[in-house]
file structure.txt (compact mmCIF, C-alpha atoms)
# COMPACT_ATOMS: atom_id res chain seq x y z
CA MET J 23 36.63 50.28 3.26
CA ILE J 24 39.23 49.35 5.84
CA THR J 25 39.96 45.81 6.96
CA LEU J 26 41.28 44.94 10.41
CA TYR J 27 42.85 41.49 10.34
CA SER J 28 42.32 40.04 13.77
CA THR J 29 41.35 36.94 15.72
CA GLU J 30 39.29 36.21 18.80
CA GLY J 31 41.07 36.76 22.10
CA CYS J 32 43.80 38.97 20.61
CA HIS J 33 44.28 41.83 23.09
CA LEU J 34 46.49 43.75 20.65
CA CYS J 35 43.70 43.51 18.07
CA GLU J 36 41.29 44.96 20.62
CA GLN J 37 43.71 47.86 21.18
CA ALA J 38 43.97 48.44 17.42
CA TYR J 39 40.18 48.44 17.09
CA GLU J 40 39.92 50.98 19.90
CA LEU J 41 42.26 53.28 17.94
CA LEU J 42 39.93 52.92 14.94
CA VAL J 43 37.01 53.85 17.21
CA GLN J 44 38.93 56.87 18.53
CA SER J 45 39.43 57.94 14.91
CA GLY J 46 35.69 57.59 14.28
CA ILE J 47 36.10 55.11 11.43
CA GLN J 48 34.74 51.92 12.98
CA ASP J 49 31.75 52.15 10.62
CA LYS J 50 34.16 52.04 7.67
CA THR J 51 35.99 49.02 9.12
CA ALA J 52 35.41 45.32 8.49
CA VAL J 53 36.98 43.02 11.07
CA THR J 54 38.23 39.81 9.48
CA ASP J 55 39.08 36.85 11.70
CA ILE J 56 42.12 35.16 10.17
CA ALA J 57 41.52 31.90 12.07
CA PHE J 58 38.94 30.73 9.54
CA ASP J 59 41.02 31.28 6.40
CA ASP J 60 44.23 29.30 5.86
CA GLU J 61 45.68 31.86 3.44
CA LEU J 62 45.04 34.78 5.80
CA PHE J 63 46.36 32.79 8.75
CA SER J 64 49.57 32.00 6.85
CA ARG J 65 49.99 35.64 5.92
CA TYR J 66 49.00 37.38 9.17
CA GLY J 67 49.26 34.68 11.86
CA VAL J 68 52.19 36.25 13.67
CA THR J 69 51.71 39.89 12.64
CA ILE J 70 48.13 40.75 13.64
CA PRO J 71 46.65 43.20 14.12
CA VAL J 72 47.04 44.59 10.62
CA VAL J 73 44.93 47.39 9.16
CA SER J 74 44.53 47.31 5.38
CA THR J 75 42.96 49.29 2.57
CA GLY J 76 43.62 48.71 -1.10
CA ASN J 77 47.28 47.83 -1.43
CA SER J 78 48.36 49.61 1.75
CA GLU J 79 48.81 47.93 5.12
CA LEU J 80 49.70 49.18 8.57
CA GLY J 81 51.04 46.54 10.93
CA TRP J 82 51.21 46.58 14.69
CA PRO J 83 52.63 48.30 16.65
CA PHE J 84 51.09 51.67 15.84
CA ASP J 85 49.62 54.46 17.93
CA LEU J 86 46.78 56.87 17.24
CA GLN J 87 49.03 59.41 15.51
CA GLU J 88 50.60 56.77 13.24
CA LEU J 89 47.16 55.36 12.39
CA GLN J 90 45.80 58.79 11.52
CA GLN J 91 48.84 59.60 9.37
CA TRP J 92 48.31 56.30 7.51
CA LEU J 93 44.60 57.06 7.06
CA LYS J 94 45.37 60.53 5.68
CA LYS J 95 48.01 59.11 3.32
CA ASN J 96 45.38 56.69 1.99
CA GLY J 97 42.71 59.37 1.56
CA ILE J 98 40.50 58.16 4.42
CA THR J 99 38.67 60.84 6.38
CA TYR J 100 38.77 60.41 10.14
CA HIS J 101 37.71 62.41 13.18
CA SER J 102 40.35 63.51 15.62
call {"tool": "encode", "arguments": {"input": "structure.txt", "output": "structure tokens"}}
result
Amino acid sequence: MITLYSTEGCHLCEQAYELLVQSGIQDKTAVTDIAFDDELFSRYGVTIPVVSTGNSELGWPFDLQELQQWLKKNGITYHS
């Protein structure tokens, strides 16, 4: 499972989610709004969007190619 750390009204987060859609992995992605969790807000408040799986994170900015390289490195199958 992949987590996209995000918050409402974040246009960069929307762009990151669109890259996940383009990779065909939106069904494997949970979007977590950091605004409702003090710990997450402290950690990601100025760095979202961040994509995470296990102990690996990919922070913005990233493009489709960088996202897909990160997915491959973490053993996540995607559609190009």
call {"tool": "atom_distance", "arguments": {"input": "structure.txt", "atom1": "atom CA of Val43 of chain J", "atom2": "atom CA of Gln87 of chain J"}}
result
13.4 Å
call {"tool": "closest_residue", "arguments": {"input": "structure.txt", "among": "J:Trp92, J:Trp82, J:Tyr27, J:Phe63", "to": "Thr51 of chain J", "atoms": "all atoms listed in the file"}}
result
J:Tyr27
call {"tool": "closest_residue", "arguments": {"input": "structure.txt", "among": "J:Leu42, J:Glu61, J:Tyr66, J:Ala52", "to": "Glu88 of chain J", "atoms": "all atoms listed in the file"}}
result
J:Leu42
call {"tool": "atom_distance", "arguments": {"input": "structure.txt", "atom1": "atom CA of Leu26 of chain J", "atom2": "atom CA of Val72 of chain J"}}
result
5.8 Å
call {"tool": "closest_residue", "arguments": {"input": "structure.txt", "among": "J:Pro71, J:His101, J:Gln91, J:Lys50", "to": "Gln37 of chain J", "atoms": "only C-alpha atoms"}}
result
J:Pro71
call {"tool": "closest_residue", "arguments": {"input": "structure.txt", "among": "J:Ser28, J:Ser74, J:Thr69, J:Gln44", "to": "Ile56 of chain J", "atoms": "only C-alpha atoms"}}
result
J:Ser28
call {"tool": "closest_residue", "arguments": {"input": "structure.txt", "among": "J:Ser45, J:Ser64, J:Thr29, J:Thr54", "to": "Gln90 of chain J", "atoms": "only C-alpha atoms"}}
result
J:Ser45
call {"tool": "closest_residue", "arguments": {"input": "structure.txt", "among": "J:Ile70, J:Ser102, J:Asp60, J:Gly46", "to": "His33 of chain J", "atoms": "only C-alpha atoms"}}
result
J:Ile70
